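Below is one structure, written out as structure tokens; comments come after it.
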Amino acid sequence: MAGDRVRASDKEREQYATMVRAGMTEGRLTLEEGEERLAQVYAAKFRDELAPLTADLPDGGRRGLFELPETQAEFLRQGRRHLARHGAFVAVVAVALTGLWALSGAHFFWPAIPLFFLVLSVFKHARWRRWAAAGGPPWGRRHWGHGHGHGPWAAASDRQGWS
């Protein structure tokens, strides 16, 4: 029903065009098919006309958006900002816990226990941020153990792609 449909914005059309261009760049779409889809993207008036144009691409074409240099730069910038906020939060909590310890007059430095876990969380955050920027943790980037036959235990013929 036409009354329930939402019109597509220029920004949405441009995002879908970028996804189609990424599919063309990766070789998933031929030049003719890509040009045809681009024409359909720019001619689309409603949102529901856009999704079918990238439905047969990996992740519905969304991976192509992330692989843009601008998107990756924004992802890294936001990651640095979140890590800085996490570090600032841990520093404020450390000062507060140390102040409470000084006021309590306890002989044992009890804030060391929660501070250990808070500092550990900052290190884990930094590690995950680094892994996310590199495409995931090292074990996630390998395809070993997923039935592809590319691990060190695979036969030489499997590693070389022979049948």
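Going by the structure tokens order, chains are called A, B, ..., each with residues numbered from 1, while ligands are numbered from 1 in the order shown.
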Worksheet item: Which residues, written as a PyMOL selection string, have at least one atom at most 12 Å from Arg81 (chain A), with only C-alpha atoms counted and residues fewer than 6 positions away on the same chain left out?
Response: chain A and resi 74-75+87-88+125-126+129
Residues just named, written with N, CA and C atoms as a PDB file, in the first residue's frame:
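Once everything was written out, this is result.pdb:
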```
ATOM      1  N   GLU A  74      36.444   6.669  10.840  1.00  0.00           N
ATOM      2  CA  GLU A  74      35.458   7.045  11.862  1.00  0.00           C
ATOM      3  C   GLU A  74      35.381   5.980  12.955  1.00  0.00           C
ATOM      4  N   PHE A  75      35.444   4.709  12.562  1.00  0.00           N
ATOM      5  CA  PHE A  75      35.425   3.606  13.528  1.00  0.00           C
ATOM      6  C   PHE A  75      36.626   3.705  14.465  1.00  0.00           C
ATOM      7  N   GLY A  87      39.433   4.903  30.174  1.00  0.00           N
ATOM      8  CA  GLY A  87      40.602   5.198  30.996  1.00  0.00           C
ATOM      9  C   GLY A  87      40.338   6.321  31.992  1.00  0.00           C
ATOM     10  N   ALA A  88      39.607   7.346  31.565  1.00  0.00           N
ATOM     11  CA  ALA A  88      39.282   8.450  32.475  1.00  0.00           C
ATOM     12  C   ALA A  88      38.381   7.974  33.609  1.00  0.00           C
ATOM     13  N   HIS A 125      40.179  -3.662  26.884  1.00  0.00           N
ATOM     14  CA  HIS A 125      39.503  -2.752  25.957  1.00  0.00           C
ATOM     15  C   HIS A 125      40.465  -2.324  24.844  1.00  0.00           C
ATOM     16  N   ALA A 126      41.703  -1.982  25.221  1.00  0.00           N
ATOM     17  CA  ALA A 126      42.695  -1.566  24.229  1.00  0.00           C
ATOM     18  C   ALA A 126      43.017  -2.713  23.278  1.00  0.00           C
ATOM     19  N   ARG A 129      40.096  -3.229  20.916  1.00  0.00           N
ATOM     20  CA  ARG A 129      40.048  -2.134  19.946  1.00  0.00           C
ATOM     21  C   ARG A 129      41.070  -2.366  18.843  1.00  0.00           C
TER      22      ARG A 129
END
```
Contacts of region 109-115 of chain A at 7 Å (only C-alpha atoms; same-chain gap of 3+ positions) as a PDB file with all heavy atoms, in the first residue's frame:
```
ATOM      1  N   ALA A  94      39.833   5.276  40.634  1.00  0.00           N
ATOM      2  CA  ALA A  94      41.071   5.038  41.390  1.00  0.00           C
ATOM      3  C   ALA A  94      41.307   6.136  42.416  1.00  0.00           C
ATOM      4  O   ALA A  94      41.668   5.866  43.567  1.00  0.00           O
ATOM      5  CB  ALA A  94      42.254   4.946  40.430  1.00  0.00           C
ATOM      6  N   LEU A  97      38.663   5.682  45.222  1.00  0.00           N
ATOM      7  CA  LEU A  97      38.967   4.549  46.109  1.00  0.00           C
ATOM      8  C   LEU A  97      40.180   4.832  46.983  1.00  0.00           C
ATOM      9  O   LEU A  97      40.196   4.481  48.172  1.00  0.00           O
ATOM     10  CB  LEU A  97      39.190   3.277  45.286  1.00  0.00           C
ATOM     11  CG  LEU A  97      37.959   2.662  44.641  1.00  0.00           C
ATOM     12  CD1 LEU A  97      38.342   1.461  43.787  1.00  0.00           C
ATOM     13  CD2 LEU A  97      36.939   2.257  45.693  1.00  0.00           C
ATOM     14  N   THR A  98      41.193   5.471  46.411  1.00  0.00           N
ATOM     15  CA  THR A  98      42.380   5.811  47.209  1.00  0.00           C
ATOM     16  C   THR A  98      42.027   6.836  48.280  1.00  0.00           C
ATOM     17  O   THR A  98      42.517   6.751  49.422  1.00  0.00           O
ATOM     18  CB  THR A  98      43.502   6.342  46.290  1.00  0.00           C
ATOM     19  OG1 THR A  98      43.763   5.373  45.269  1.00  0.00           O
ATOM     20  CG2 THR A  98      44.773   6.595  47.067  1.00  0.00           C
ATOM     21  N   TRP A 101      40.277   5.004  51.013  1.00  0.00           N
ATOM     22  CA  TRP A 101      41.245   4.230  51.786  1.00  0.00           C
ATOM     23  C   TRP A 101      42.001   5.143  52.759  1.00  0.00           C
ATOM     24  O   TRP A 101      42.197   4.795  53.921  1.00  0.00           O
ATOM     25  CB  TRP A 101      42.240   3.540  50.854  1.00  0.00           C
ATOM     26  CG  TRP A 101      43.402   2.938  51.568  1.00  0.00           C
ATOM     27  CD1 TRP A 101      43.419   1.796  52.288  1.00  0.00           C
ATOM     28  CD2 TRP A 101      44.716   3.484  51.648  1.00  0.00           C
ATOM     29  NE1 TRP A 101      44.669   1.587  52.807  1.00  0.00           N
ATOM     30  CE2 TRP A 101      45.487   2.611  52.427  1.00  0.00           C
ATOM     31  CE3 TRP A 101      45.321   4.628  51.130  1.00  0.00           C
ATOM     32  CZ2 TRP A 101      46.834   2.836  52.695  1.00  0.00           C
ATOM     33  CZ3 TRP A 101      46.656   4.847  51.410  1.00  0.00           C
ATOM     34  CH2 TRP A 101      47.403   3.960  52.182  1.00  0.00           C
ATOM     35  N   LEU A 118      39.994  -3.116  37.354  1.00  0.00           N
ATOM     36  CA  LEU A 118      39.669  -1.965  36.517  1.00  0.00           C
ATOM     37  C   LEU A 118      40.771  -1.688  35.489  1.00  0.00           C
ATOM     38  O   LEU A 118      40.486  -1.424  34.317  1.00  0.00           O
ATOM     39  CB  LEU A 118      39.436  -0.729  37.382  1.00  0.00           C
ATOM     40  CG  LEU A 118      38.130  -0.720  38.182  1.00  0.00           C
ATOM     41  CD1 LEU A 118      38.127   0.421  39.183  1.00  0.00           C
ATOM     42  CD2 LEU A 118      36.948  -0.613  37.243  1.00  0.00           C
ATOM     43  N   VAL A 119      42.025  -1.760  35.924  1.00  0.00           N
ATOM     44  CA  VAL A 119      43.139  -1.549  34.997  1.00  0.00           C
ATOM     45  C   VAL A 119      43.185  -2.687  33.975  1.00  0.00           C
ATOM     46  O   VAL A 119      43.429  -2.463  32.784  1.00  0.00           O
ATOM     47  CB  VAL A 119      44.467  -1.414  35.770  1.00  0.00           C
ATOM     48  CG1 VAL A 119      45.669  -1.444  34.834  1.00  0.00           C
ATOM     49  CG2 VAL A 119      44.468  -0.134  36.589  1.00  0.00           C
TER      50      VAL A 119
END
```
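For Ala43 (chain A), the non-local neighbours within 12 Å, defined as residues at least 2 positions apart in the same chain or in other chains and counting only C-alpha atoms, are A:Arg7, A:Ala8, A:Ser9, A:Asp10, A:Arg13, A:Glu14, A:Tyr16, A:Ala17, A:Glu36, A:Arg37, A:Leu38, A:Ala39, A:Gln40, A:Val41, A:Lys45, A:Phe46, A:Arg47, A:Glu49, A:Leu50, A:Leu53.
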Discussion item. Show me, as a ChimeraX atom specification, the residues that have an atom within 10 Å of Leu65 (chain A) when counting only C-alpha atoms, minus same-chain residues fewer than 6 positions from it.
Written reply: /A:15-22,71-72
Item to complete: Rounded to one decimal place, report the CA of Thr54 (chain A)-CA of Glu33 (chain A) distance in Å.
Response: 11.6 Å
